[in-house]
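Below: model_16.cif (mmCIF, C-alpha atoms and all ligand atoms)
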data_data
loop_
_atom_site.label_atom_id
_atom_site.label_comp_id
_atom_site.auth_asym_id
_atom_site.auth_seq_id
_atom_site.Cartn_x
_atom_site.Cartn_y
_atom_site.Cartn_z
CA MET A 267 46.44 78.64 27.64
CA THR A 268 45.02 76.12 25.20
CA ALA A 269 44.70 72.77 26.91
CA THR A 270 45.08 69.54 25.00
CA SER A 271 42.01 67.35 24.86
CA HIS A 272 43.42 65.06 27.51
CA ASP A 273 45.05 67.45 29.89
CA ALA A 274 45.76 65.13 32.83
CA ALA A 275 45.45 67.90 35.41
CA THR A 276 41.85 68.52 34.45
CA VAL A 277 40.99 64.85 34.54
CA THR A 278 42.16 64.02 38.01
CA GLY A 279 42.42 67.02 40.25
CA PHE A 280 40.49 69.78 38.51
CA THR A 281 43.43 72.03 39.31
CA ASP A 282 42.26 74.65 36.81
CA PRO A 283 38.59 75.16 37.70
CA PRO A 284 36.60 77.35 35.33
CA VAL A 285 35.86 80.96 36.09
CA LEU A 286 32.09 81.13 36.56
CA SER A 287 29.61 83.97 36.73
CA ALA A 288 27.31 84.27 39.74
CA TYR A 289 24.54 82.66 37.68
CA GLN A 290 26.79 79.79 36.60
CA ARG A 291 27.82 79.24 40.21
CA SER A 292 24.16 78.84 41.15
CA VAL A 293 23.70 76.32 38.32
CA ALA A 294 26.81 74.43 39.44
CA SER A 295 25.54 74.44 43.00
CA TYR A 296 22.20 72.98 41.87
CA TRP A 297 23.93 70.10 40.05
CA ASN A 298 26.52 69.57 42.79
CA SER A 299 23.80 68.93 45.35
CA GLU A 300 21.35 67.12 43.06
CA ARG A 301 20.64 63.55 44.25
CA ASP A 302 17.24 63.16 42.66
CA PRO A 303 15.93 59.57 42.63
CA VAL A 304 14.51 60.22 39.15
CA ASN A 305 18.12 60.33 37.97
CA ILE A 306 19.89 58.01 40.41
CA ARG A 307 17.48 55.09 40.57
CA LEU A 308 17.11 54.94 36.81
CA GLY A 309 20.88 55.01 36.27
CA GLU A 310 21.46 52.22 38.74
CA ILE A 311 19.65 49.85 36.39
CA ASP A 312 22.59 49.55 34.00
CA GLY A 313 25.11 52.21 35.03
CA LEU A 314 24.02 54.72 32.37
CA PHE A 315 23.07 57.84 34.29
CA HIS A 316 21.01 60.30 32.27
CA HIS A 317 19.86 63.78 33.13
CA HIS A 318 17.48 64.14 30.24
CA TYR A 319 13.97 63.07 29.31
CA GLY A 320 12.66 60.16 27.31
CA VAL A 321 11.05 59.60 23.91
CA GLY A 322 8.71 56.95 22.55
CA ASP A 323 5.61 55.12 23.70
CA TYR A 324 5.72 53.36 27.02
CA ASP A 325 4.49 49.85 27.65
CA PRO A 326 1.18 50.42 29.48
CA SER A 327 1.45 47.03 31.22
CA VAL A 328 4.00 48.57 33.63
CA LEU A 329 1.07 50.36 35.26
CA ASP A 330 -0.81 47.11 35.84
CA GLY A 331 -0.62 45.27 39.06
CA PRO A 332 -0.92 46.33 42.67
CA ALA A 333 0.92 49.35 44.01
CA GLY A 334 4.22 48.31 45.52
CA PRO A 335 7.92 47.79 44.84
CA ALA A 336 7.48 45.48 41.81
CA ARG A 337 5.26 47.98 40.01
CA ASP A 338 7.57 50.85 40.96
CA GLU A 339 10.59 49.01 39.57
CA ALA A 340 8.76 48.24 36.31
CA ILE A 341 7.85 51.93 35.83
CA ILE A 342 11.38 53.08 36.61
CA ALA A 343 12.89 50.56 34.16
CA GLU A 344 10.50 51.73 31.46
CA MET A 345 11.38 55.40 32.03
CA HIS A 346 15.06 54.50 31.81
CA ARG A 347 14.45 52.68 28.52
CA LEU A 348 12.81 55.83 27.09
CA GLU A 349 15.67 58.07 28.28
CA THR A 350 18.23 55.77 26.70
CA ALA A 351 16.14 55.77 23.50
CA GLN A 352 16.38 59.58 23.50
CA ALA A 353 20.20 59.42 23.62
CA ASP A 354 20.22 56.73 20.92
CA LEU A 355 18.15 59.01 18.70
CA LEU A 356 20.60 61.87 19.26
CA LEU A 357 23.53 59.61 18.28
CA ASP A 358 21.73 58.58 15.08
CA TYR A 359 22.43 62.10 13.75
CA PHE A 360 26.18 62.22 14.40
CA GLY A 361 26.99 61.14 10.83
CA ASP A 362 30.08 59.17 9.91
CA VAL A 363 32.05 59.07 13.16
CA ARG A 364 35.36 57.17 13.14
CA ALA A 365 37.16 55.57 16.08
CA GLY A 366 39.92 58.18 15.70
CA ASP A 367 37.51 61.09 16.02
CA CYS A 368 37.29 63.34 19.02
CA LEU A 369 33.84 64.40 20.24
CA LEU A 370 32.63 66.90 22.81
CA ASP A 371 29.62 66.49 25.12
CA GLY A 372 28.65 70.03 26.16
CA GLY A 373 27.14 69.78 29.65
CA SER A 374 27.82 66.10 30.22
CA GLY A 375 25.94 65.45 33.46
CA ARG A 376 26.77 62.04 34.91
CA GLY A 377 28.06 60.91 31.52
CA GLY A 378 25.36 58.57 30.14
CA THR A 379 25.30 59.93 26.58
CA SER A 380 29.13 60.13 26.43
CA PHE A 381 29.46 56.43 27.25
CA MET A 382 26.85 55.55 24.67
CA ALA A 383 28.70 57.59 22.01
CA HIS A 384 31.99 55.86 22.77
CA HIS A 385 30.30 52.46 22.81
CA ARG A 386 28.66 53.04 19.43
CA PHE A 387 31.54 54.70 17.56
CA GLY A 388 34.69 53.73 19.48
CA CYS A 389 35.60 57.44 19.43
CA GLN A 390 37.24 59.60 22.06
CA VAL A 391 34.80 61.72 24.07
CA ASP A 392 35.43 64.65 26.35
CA GLY A 393 32.52 65.76 28.50
CA VAL A 394 32.46 69.15 30.18
CA THR A 395 30.31 70.16 33.11
CA ILE A 396 30.47 72.96 35.64
CA SER A 397 29.51 70.52 38.39
CA GLU A 398 32.54 69.05 40.15
CA THR A 399 30.39 66.33 41.70
CA GLN A 400 29.13 65.24 38.29
CA ALA A 401 32.58 65.26 36.70
CA GLU A 402 34.00 63.13 39.52
CA PHE A 403 31.05 60.75 39.36
CA ALA A 404 31.33 60.36 35.58
CA ASN A 405 35.11 59.83 35.70
CA ALA A 406 34.58 57.10 38.31
CA GLN A 407 32.07 55.51 35.93
CA ALA A 408 34.62 55.69 33.12
CA ARG A 409 37.20 53.88 35.26
CA GLN A 410 34.64 51.27 36.26
CA ARG A 411 33.80 50.69 32.59
CA GLY A 412 37.47 50.47 31.64
CA VAL A 413 37.21 53.39 29.18
CA ALA A 414 38.89 56.15 31.21
CA ASP A 415 41.58 56.53 28.53
CA ARG A 416 38.91 57.34 25.90
CA VAL A 417 36.04 58.99 27.78
CA ARG A 418 36.98 61.81 30.12
CA PHE A 419 35.04 64.39 32.04
CA HIS A 420 36.33 67.84 32.81
CA LEU A 421 35.29 70.59 35.16
CA ARG A 422 35.01 73.24 32.47
CA ASN A 423 32.66 75.84 31.12
CA MET A 424 31.29 74.87 27.71
CA LEU A 425 31.40 78.56 26.75
CA ASP A 426 35.18 78.49 27.12
CA THR A 427 36.37 74.90 27.03
CA GLY A 428 40.09 75.44 26.55
CA PHE A 429 40.24 72.63 23.96
CA GLY A 430 42.17 73.19 20.78
CA ALA A 431 40.73 75.02 17.75
CA GLY A 432 39.38 72.58 15.16
CA SER A 433 39.94 69.66 17.54
CA ARG A 434 36.37 68.21 17.34
CA GLN A 435 34.50 66.34 14.62
CA VAL A 436 31.14 66.30 16.45
CA ILE A 437 29.78 68.32 19.36
CA TRP A 438 26.46 67.73 21.04
CA THR A 439 24.36 69.31 23.76
CA ASN A 440 21.68 67.17 25.34
CA GLU A 441 19.35 69.44 27.33
CA THR A 442 22.00 71.95 28.34
CA THR A 443 21.58 75.00 26.09
CA MET A 444 18.95 76.56 28.36
CA TYR A 445 21.78 77.31 30.80
CA VAL A 446 23.87 79.43 28.46
CA ASP A 447 23.96 82.37 26.09
CA LEU A 448 23.61 80.84 22.62
CA ASP A 449 25.90 83.36 20.92
CA GLN A 450 28.74 82.59 23.28
CA LEU A 451 28.07 78.87 22.98
CA TYR A 452 28.05 78.71 19.19
CA ALA A 453 31.09 80.99 18.94
CA GLU A 454 32.99 78.46 21.06
CA PHE A 455 31.64 75.47 19.11
CA ALA A 456 32.54 77.18 15.81
CA ARG A 457 36.10 77.51 17.14
CA LEU A 458 36.24 73.83 18.11
CA LEU A 459 34.84 72.33 14.89
CA GLY A 460 36.54 72.04 11.52
CA ASN A 461 34.70 72.81 8.31
CA GLY A 462 31.83 70.31 7.95
CA GLY A 463 31.93 69.50 11.65
CA ARG A 464 28.60 68.50 13.07
CA TYR A 465 26.55 69.88 15.93
CA VAL A 466 23.58 67.95 17.35
CA CYS A 467 21.26 69.37 19.98
CA ILE A 468 18.20 68.21 21.87
CA THR A 469 16.53 70.98 23.78
CA GLY A 470 13.29 72.38 25.07
CA CYS A 471 12.44 75.79 23.66
CA TYR A 472 9.43 78.03 23.87
CA ASN A 473 7.19 78.79 20.95
CA ASP A 474 7.54 82.27 19.41
CA VAL A 475 4.18 81.77 17.72
CA THR A 476 2.22 81.58 20.98
CA GLY A 477 3.90 84.78 22.16
CA GLY A 478 6.40 84.99 24.97
CA ARG A 479 7.17 82.71 27.87
CA SER A 480 4.08 80.93 29.17
CA LYS A 481 3.42 80.42 32.86
CA ALA A 482 4.24 76.71 32.53
CA VAL A 483 7.58 77.48 30.81
CA SER A 484 8.40 79.97 33.58
CA GLN A 485 7.70 77.27 36.16
CA ILE A 486 10.17 74.96 34.39
CA ASP A 487 12.80 77.74 34.36
CA GLN A 488 12.34 78.32 38.04
CA HIS A 489 12.49 74.62 38.91
CA TYR A 490 15.83 74.07 37.11
CA THR A 491 17.39 77.56 37.52
CA CYS A 492 17.52 77.81 33.75
CA ASN A 493 16.52 80.25 31.03
CA ILE A 494 14.62 78.51 28.24
CA HIS A 495 15.20 80.21 24.90
CA PRO A 496 12.60 80.82 22.21
CA ARG A 497 12.77 78.56 19.15
CA SER A 498 13.81 81.51 16.94
CA GLU A 499 16.88 82.19 19.04
CA TYR A 500 18.44 78.83 18.12
CA PHE A 501 18.23 79.38 14.39
CA ARG A 502 19.36 82.99 14.58
CA ALA A 503 22.38 82.14 16.74
CA LEU A 504 23.29 79.10 14.63
CA ALA A 505 23.13 81.13 11.41
CA ASP A 506 25.16 83.94 12.96
CA HIS A 507 27.95 81.47 13.69
CA ALA A 508 27.94 79.69 10.30
CA PHE A 509 26.01 76.60 11.36
CA VAL A 510 23.64 75.34 8.66
CA PRO A 511 20.77 73.14 9.91
CA ILE A 512 20.22 69.87 8.06
CA ASN A 513 17.57 68.30 10.30
CA VAL A 514 15.05 69.86 12.63
CA ILE A 515 12.68 67.40 14.25
CA ASP A 516 9.90 68.30 16.63
CA LEU A 517 10.06 65.56 19.30
CA THR A 518 7.21 67.04 21.35
CA SER A 519 4.65 64.34 20.61
CA LEU A 520 7.33 61.68 21.17
CA THR A 521 8.19 62.94 24.65
CA ILE A 522 4.65 63.44 26.01
CA PRO A 523 4.19 59.70 26.83
CA TYR A 524 7.38 59.80 28.92
CA TRP A 525 5.95 62.68 30.97
CA GLU A 526 2.61 60.92 31.35
CA LEU A 527 4.38 57.86 32.71
CA ARG A 528 6.69 59.91 34.90
CA ALA A 529 3.69 61.70 36.45
CA GLN A 530 2.45 58.30 37.65
CA SER A 531 5.87 57.10 38.81
CA PRO A 532 7.28 56.86 42.33
CA VAL A 533 10.05 59.28 41.31
CA ALA A 534 7.86 62.16 40.13
CA THR A 535 9.30 65.51 41.23
CA GLY A 536 6.30 67.81 40.77
CA ILE A 537 7.55 69.40 37.53
CA GLU A 538 5.60 66.88 35.42
CA GLU A 539 2.41 68.95 35.21
CA PRO A 540 4.12 72.15 33.97
CA PHE A 541 5.88 70.09 31.27
CA LEU A 542 2.66 68.39 30.20
CA THR A 543 0.74 71.68 30.23
CA ALA A 544 3.42 73.49 28.21
CA TYR A 545 3.68 70.73 25.61
CA ARG A 546 -0.07 70.22 25.28
CA GLU A 547 -0.92 73.93 25.03
CA GLY A 548 1.80 74.38 22.38
CA SER A 549 3.86 76.95 24.27
CA PHE A 550 6.91 74.66 24.46
CA HIS A 551 8.60 72.25 22.05
CA TYR A 552 11.11 69.46 22.45
CA LEU A 553 13.40 69.84 19.45
CA LEU A 554 16.24 67.94 17.85
CA ILE A 555 18.44 70.24 15.76
CA VAL A 556 21.27 68.97 13.57
CA ALA A 557 23.58 71.52 11.95
CA ASP A 558 26.87 71.51 10.06
CA TYR A 559 29.56 74.11 10.56
CA VAL A 560 30.65 75.80 7.32
CA GLY A 561 32.67 78.72 8.62
CA ARG A 562 36.24 77.75 7.64
C1 LIG B 601 19.98 68.69 32.37
S1 LIG B 601 21.67 68.31 32.63
C2 LIG B 601 22.02 67.38 31.16
C3 LIG B 601 23.19 66.42 31.33
C4 LIG B 601 23.52 65.53 30.16
N1 LIG B 601 23.67 66.26 28.93
C5 LIG B 601 22.51 64.42 29.99
O1 LIG B 601 21.83 64.38 28.95
O2 LIG B 601 22.42 63.57 30.86
C6 LIG B 601 22.45 69.88 32.38
C7 LIG B 601 23.97 69.85 32.42
O3 LIG B 601 24.48 71.08 31.90
C8 LIG B 601 25.63 71.42 32.64
N2 LIG B 601 25.95 72.84 32.44
C9 LIG B 601 25.16 73.92 32.66
N3 LIG B 601 25.82 75.04 32.33
C10 LIG B 601 27.05 74.67 31.88
C11 LIG B 601 28.18 75.36 31.39
N4 LIG B 601 28.20 76.70 31.28
N5 LIG B 601 29.26 74.63 31.02
C12 LIG B 601 29.28 73.29 31.14
N6 LIG B 601 28.22 72.58 31.59
C13 LIG B 601 27.13 73.26 31.96
C14 LIG B 601 25.27 71.04 34.05
O4 LIG B 601 26.42 70.98 34.86
C15 LIG B 601 24.60 69.69 33.79
O5 LIG B 601 25.60 68.70 33.71
#

Rewritten as C-alpha cells:
Amino acid sequence: MTATSHDAATVTGFTDPPVLSAYQRSVASYWNSERDPVNIRLGEIDGLFHHHYGVGDYDPSVLDGPAGPARDEAIIAEMHRLETAQADLLLDYFGDVRAGDCLLDGGSGRGGTSFMAHHRFGCQVDGVTISETQAEFANAQARQRGVADRVRFHLRNMLDTGFGAGSRQVIWTNETTMYVDLDQLYAEFARLLGNGGRYVCITGCYNDVTGGRSKAVSQIDQHYTCNIHPRSEYFRALADHAFVPINVIDLTSLTIPYWELRAQSPVATGIEEPFLTAYREGSFHYLLIVADYVGR
C-alpha cells in the first residue's frame, strides 16, 4: 500500500508500525528509552529538541565564573545555540523551497530540524523515525506549536517510508545515515524525489585514507549502536542511485569547539573524548553533503 503523505492513521495511532529487523529493533529500543539530559535540557530552552551536534565557535565567557547552576545553564544554552546553528546550516542548502513543497526528514528524532524547516520555508514536513516515543513526543510538540497540520511525525522506516513516488522536493538526513544501509536508503530517496529533487545530509564518516575503522570510531559505534560508514561509501552509493553532489563541506574543524565545550559541560556523557580523538587524529570527519537527483 502506498500511503499518502498525511495518512491520519500513522499520525495518531501508529496503527501500521514498520516491520523492523532485529538490528533496527535495537536502535528503536535505544531511542525509545533515551532520556539523556544532553538532549532534554538543551531542548527545554526554546522547545527545539535536537539529537545532533553543534558547529561554530563557542563564547569562552560561558566557562568563566564559579562552578554552579548559573555556569551550567550558560554552557547548556551555548551548546544549544551551536546545535541550532548546525540545523540552520543544513537548511541553507535546501535551495528554492516553496510553501507548497513537501519535505522529508529521514530519522527525525524529537523534531527540532523539522520545525525549523517549516518555520523557514512554510513548507509541509513529514518526519519519520523508528522510535515510537520520539514520534509521539514530536507530534505533541507540533500540536503545541500549532503546526500539526503541516509538520507530522510518523513511526516509519526511512528505508521503506510508504510515501508516494515523486512526492518530495527535498529530503534530508541529519546524523541518521550511520543506522542504515546506504544503498537501500538512496534507492528509497530516489523513488521519493522528482528529477532535480535535492538531498542534504550531515553525517559523521570515517576516513578511508587513514585505513579502516579507528578505535575511537569503533567506540562511537558501540556507544550509539550504529555503524559509521567510510566516506567513500557515501559517494559510491549516491552515484549508484543517480544523485549528483553539488556541495561537499568538511565541517570537522567547525564541530571540534562544540565537543570541547561539551566535554566541560554538566551534561557530558563520556563519548566526548572518542569524538575529539577521532576528529583530531583525522580518522573521522563531520561532513555536509548536498546532492541533486537526476534519475528521472
Ligand atoms: C542521532 S538521531 C538524529 C535525530 C534528528 N535527525 C536530529 O537531528 O535531531 C538518529 C535518529 O535516526 C532514527 N533512525 C534510525 N534508524 C532509522 C530508520 N531505519 N528509519 C527511520 N529512522 C531511523 C532514530 O530513530 C533517531 O530518531

Can you tell me which residues come within 9 Å of ligand LIG 601 (chain B) when counting all atoms listed in the file, ideally as a PyMOL selection string?
-> chain A and resi 284+286+290+293-298+305+315-319+349+353+371-380+393-398+400-401+421-427+438-447+451+468+490+492

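Of the listed residues (A:Ala534, A:Leu553, A:Val321, A:Val514), A:Ala534 comes nearest to Arg307 (chain A); the distances count all atoms listed in the file.
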
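In this structure, CA of Gly536 (chain A) sits 25.0 Å away from CA of Arg497 (chain A).
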
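CA of His346 (chain A) is positioned 23.3 Å from CA of Leu370 (chain A).
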
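Closest approach to Tyr524 (chain A) among A:Ala333, A:Ala288, A:Leu355, A:Arg347: A:Arg347, based on only C-alpha atoms.
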
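For the atom pair formed by CA of Tyr289 (chain A) and CA of Gly430 (chain A), the distance is 26.2 Å, given to one decimal.
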
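Taking only C-alpha atoms into account, Ala431 (chain A) lies nearest to A:Arg562 out of the set A:Arg386, A:Arg562, A:His489, A:His507.
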
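Once region 515-520 of chain A and its same-chain neighbours fewer than 6 positions away are set aside, Val321, Gly322, Asp323, Tyr545, His551, Tyr552, Leu553, Leu554 and Ile555 of chain A remain within 8 Å of it when counting only C-alpha atoms.
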
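With all atoms listed in the file as the atoms that count, the residue of A:Gln488, A:Trp525, A:Asn493, A:Gly561 with the shortest distance to Ala505 (chain A) is A:Gly561.
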
Give me the residues within 10 Å of Val475 (chain A) as a CSV table (one decimal) with C-alpha atoms, keeping the file's coordinate frame, counting only C-alpha atoms and dropping any in the same chain fewer than 4 places off.
chain,number,residue,atom,x,y,z
A,496,PRO,CA,12.6,80.8,22.2
A,497,ARG,CA,12.8,78.6,19.2
A,498,SER,CA,13.8,81.5,16.9
A,548,GLY,CA,1.8,74.4,22.4
A,549,SER,CA,3.9,77.0,24.3

Per-residue nearest contacts of region 318-412 of chain A to region 455-463 of chain A (12 Å; all atoms listed in the file) as JSON lines:
{"residue": "A:Phe360", "atom": "CA", "partner": "A:Gly463", "partner_atom": "CA", "distance": 9.7}
{"residue": "A:Gly361", "atom": "CA", "partner": "A:Gly463", "partner_atom": "CA", "distance": 9.7}
{"residue": "A:Asp362", "atom": "CA", "partner": "A:Gly463", "partner_atom": "CA", "distance": 10.6}
{"residue": "A:Val363", "atom": "CA", "partner": "A:Gly463", "partner_atom": "CA", "distance": 10.5}
{"residue": "A:Asp367", "atom": "CA", "partner": "A:Gly463", "partner_atom": "CA", "distance": 11.0}
{"residue": "A:Cys368", "atom": "CA", "partner": "A:Leu459", "partner_atom": "CA", "distance": 10.2}
{"residue": "A:Leu369", "atom": "CA", "partner": "A:Leu459", "partner_atom": "CA", "distance": 9.6}
{"residue": "A:Leu370", "atom": "CA", "partner": "A:Leu458", "partner_atom": "CA", "distance": 9.1}
{"residue": "A:Asp371", "atom": "CA", "partner": "A:Phe455", "partner_atom": "CA", "distance": 11.0}
{"residue": "A:Gly372", "atom": "CA", "partner": "A:Phe455", "partner_atom": "CA", "distance": 9.4}

For Phe550 (chain A), list every protein, DNA or RNA residue within 8 Å, evaluated using all atoms listed in the file, and leave out those in the same chain fewer than 6 positions away; present the list as a PyMOL selection string.
-> chain A and resi 470-473+483+544

Long-range neighbours of Arg502 (chain A) as an mmCIF file with C-alpha atoms, in the coordinates of the input, 12 Å cut-off, all atoms listed in the file, 5 positions minimum in chain:
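The resulting file, result.cif, is reproduced below:
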data_model
loop_
_atom_site.group_PDB
_atom_site.id
_atom_site.type_symbol
_atom_site.label_atom_id
_atom_site.label_comp_id
_atom_site.auth_asym_id
_atom_site.auth_seq_id
_atom_site.Cartn_x
_atom_site.Cartn_y
_atom_site.Cartn_z
ATOM 1 C CA LEU A 448 23.610 80.840 22.620
ATOM 2 C CA ASP A 449 25.900 83.360 20.920
ATOM 3 C CA TYR A 452 28.050 78.710 19.190
ATOM 4 C CA HIS A 495 15.200 80.210 24.900
ATOM 5 C CA PRO A 496 12.600 80.820 22.210
ATOM 6 C CA ARG A 497 12.770 78.560 19.150
ATOM 7 C CA HIS A 507 27.950 81.470 13.690
ATOM 8 C CA ALA A 508 27.940 79.690 10.300
ATOM 9 C CA PHE A 509 26.010 76.600 11.360
ATOM 10 C CA VAL A 510 23.640 75.340 8.660
ATOM 11 C CA PRO A 511 20.770 73.140 9.910
#

Which of these, A:Arg291, A:His384, A:Arg434, A:Lys481, has the shortest distance to Gly412 (chain A) once you count only C-alpha atoms?
-> A:His384

Between A:Pro335, A:Leu314, A:Asp392, A:Glu344, single out the one closest to Gly428 (chain A), counting all atoms listed in the file.
-> A:Asp392

Have region 513-522 of chain A completed to all heavy atoms, please, and pass it along as a PDB file, keeping the file's coordinate frame.
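Okay, this is what ended up in out_20.pdb:
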ATOM      1  N   ASN A 513      18.784  68.946   9.793  1.00  0.00           N
ATOM      2  CA  ASN A 513      17.570  68.300  10.300  1.00  0.00           C
ATOM      3  C   ASN A 513      17.030  69.101  11.464  1.00  0.00           C
ATOM      4  O   ASN A 513      17.794  69.515  12.341  1.00  0.00           O
ATOM      5  CB  ASN A 513      17.844  66.882  10.852  1.00  0.00           C
ATOM      6  CG  ASN A 513      18.310  65.916   9.797  1.00  0.00           C
ATOM      7  OD1 ASN A 513      19.493  65.658   9.671  1.00  0.00           O
ATOM      8  ND2 ASN A 513      17.378  65.376   9.051  1.00  0.00           N
ATOM      9  N   VAL A 514      15.724  69.290  11.462  1.00  0.00           N
ATOM     10  CA  VAL A 514      15.050  69.860  12.630  1.00  0.00           C
ATOM     11  C   VAL A 514      13.830  68.986  12.861  1.00  0.00           C
ATOM     12  O   VAL A 514      12.972  68.876  11.982  1.00  0.00           O
ATOM     13  CB  VAL A 514      14.609  71.318  12.394  1.00  0.00           C
ATOM     14  CG1 VAL A 514      13.905  71.858  13.636  1.00  0.00           C
ATOM     15  CG2 VAL A 514      15.801  72.199  12.032  1.00  0.00           C
ATOM     16  N   ILE A 515      13.785  68.325  13.999  1.00  0.00           N
ATOM     17  CA  ILE A 515      12.680  67.400  14.250  1.00  0.00           C
ATOM     18  C   ILE A 515      11.985  67.795  15.554  1.00  0.00           C
ATOM     19  O   ILE A 515      12.631  67.943  16.597  1.00  0.00           O
ATOM     20  CB  ILE A 515      13.202  65.944  14.358  1.00  0.00           C
ATOM     21  CG1 ILE A 515      13.954  65.581  13.065  1.00  0.00           C
ATOM     22  CG2 ILE A 515      12.055  64.969  14.598  1.00  0.00           C
ATOM     23  CD1 ILE A 515      14.583  64.216  13.089  1.00  0.00           C
ATOM     24  N   ASP A 516      10.693  67.978  15.444  1.00  0.00           N
ATOM     25  CA  ASP A 516       9.900  68.300  16.630  1.00  0.00           C
ATOM     26  C   ASP A 516       9.590  66.983  17.362  1.00  0.00           C
ATOM     27  O   ASP A 516       8.824  66.154  16.866  1.00  0.00           O
ATOM     28  CB  ASP A 516       8.619  69.011  16.195  1.00  0.00           C
ATOM     29  CG  ASP A 516       7.779  69.438  17.395  1.00  0.00           C
ATOM     30  OD1 ASP A 516       8.180  69.135  18.541  1.00  0.00           O
ATOM     31  OD2 ASP A 516       6.730  70.075  17.171  1.00  0.00           O
ATOM     32  N   LEU A 517      10.219  66.798  18.522  1.00  0.00           N
ATOM     33  CA  LEU A 517      10.060  65.560  19.300  1.00  0.00           C
ATOM     34  C   LEU A 517       8.933  65.681  20.328  1.00  0.00           C
ATOM     35  O   LEU A 517       8.783  64.785  21.160  1.00  0.00           O
ATOM     36  CB  LEU A 517      11.364  65.233  20.038  1.00  0.00           C
ATOM     37  CG  LEU A 517      12.632  65.061  19.198  1.00  0.00           C
ATOM     38  CD1 LEU A 517      13.838  64.835  20.114  1.00  0.00           C
ATOM     39  CD2 LEU A 517      12.494  63.894  18.238  1.00  0.00           C
ATOM     40  N   THR A 518       8.186  66.783  20.286  1.00  0.00           N
ATOM     41  CA  THR A 518       7.210  67.040  21.350  1.00  0.00           C
ATOM     42  C   THR A 518       6.240  65.873  21.540  1.00  0.00           C
ATOM     43  O   THR A 518       6.047  65.385  22.665  1.00  0.00           O
ATOM     44  CB  THR A 518       6.434  68.336  21.075  1.00  0.00           C
ATOM     45  OG1 THR A 518       7.366  69.392  20.846  1.00  0.00           O
ATOM     46  CG2 THR A 518       5.536  68.702  22.239  1.00  0.00           C
ATOM     47  N   SER A 519       5.647  65.410  20.447  1.00  0.00           N
ATOM     48  CA  SER A 519       4.650  64.340  20.610  1.00  0.00           C
ATOM     49  C   SER A 519       5.311  63.040  21.058  1.00  0.00           C
ATOM     50  O   SER A 519       4.669  62.194  21.679  1.00  0.00           O
ATOM     51  CB  SER A 519       3.866  64.129  19.312  1.00  0.00           C
ATOM     52  OG  SER A 519       4.747  63.739  18.294  1.00  0.00           O
ATOM     53  N   LEU A 520       6.602  62.907  20.762  1.00  0.00           N
ATOM     54  CA  LEU A 520       7.330  61.680  21.170  1.00  0.00           C
ATOM     55  C   LEU A 520       7.692  61.693  22.648  1.00  0.00           C
ATOM     56  O   LEU A 520       7.951  60.649  23.231  1.00  0.00           O
ATOM     57  CB  LEU A 520       8.617  61.549  20.359  1.00  0.00           C
ATOM     58  CG  LEU A 520       8.533  60.963  18.963  1.00  0.00           C
ATOM     59  CD1 LEU A 520       9.929  60.943  18.330  1.00  0.00           C
ATOM     60  CD2 LEU A 520       7.971  59.549  19.009  1.00  0.00           C
ATOM     61  N   THR A 521       7.771  62.892  23.245  1.00  0.00           N
ATOM     62  CA  THR A 521       8.190  62.940  24.650  1.00  0.00           C
ATOM     63  C   THR A 521       6.997  62.990  25.618  1.00  0.00           C
ATOM     64  O   THR A 521       7.156  62.683  26.806  1.00  0.00           O
ATOM     65  CB  THR A 521       9.156  64.124  24.915  1.00  0.00           C
ATOM     66  OG1 THR A 521       9.809  63.913  26.177  1.00  0.00           O
ATOM     67  CG2 THR A 521       8.454  65.465  24.947  1.00  0.00           C
ATOM     68  N   ILE A 522       5.816  63.337  25.113  1.00  0.00           N
ATOM     69  CA  ILE A 522       4.650  63.440  26.010  1.00  0.00           C
ATOM     70  C   ILE A 522       4.368  62.120  26.753  1.00  0.00           C
ATOM     71  O   ILE A 522       4.123  62.132  27.976  1.00  0.00           O
ATOM     72  CB  ILE A 522       3.426  63.988  25.250  1.00  0.00           C
ATOM     73  CG1 ILE A 522       3.637  65.501  25.000  1.00  0.00           C
ATOM     74  CG2 ILE A 522       2.134  63.755  26.023  1.00  0.00           C
ATOM     75  CD1 ILE A 522       2.532  66.178  24.202  1.00  0.00           C
TER      76      ILE A 522
END
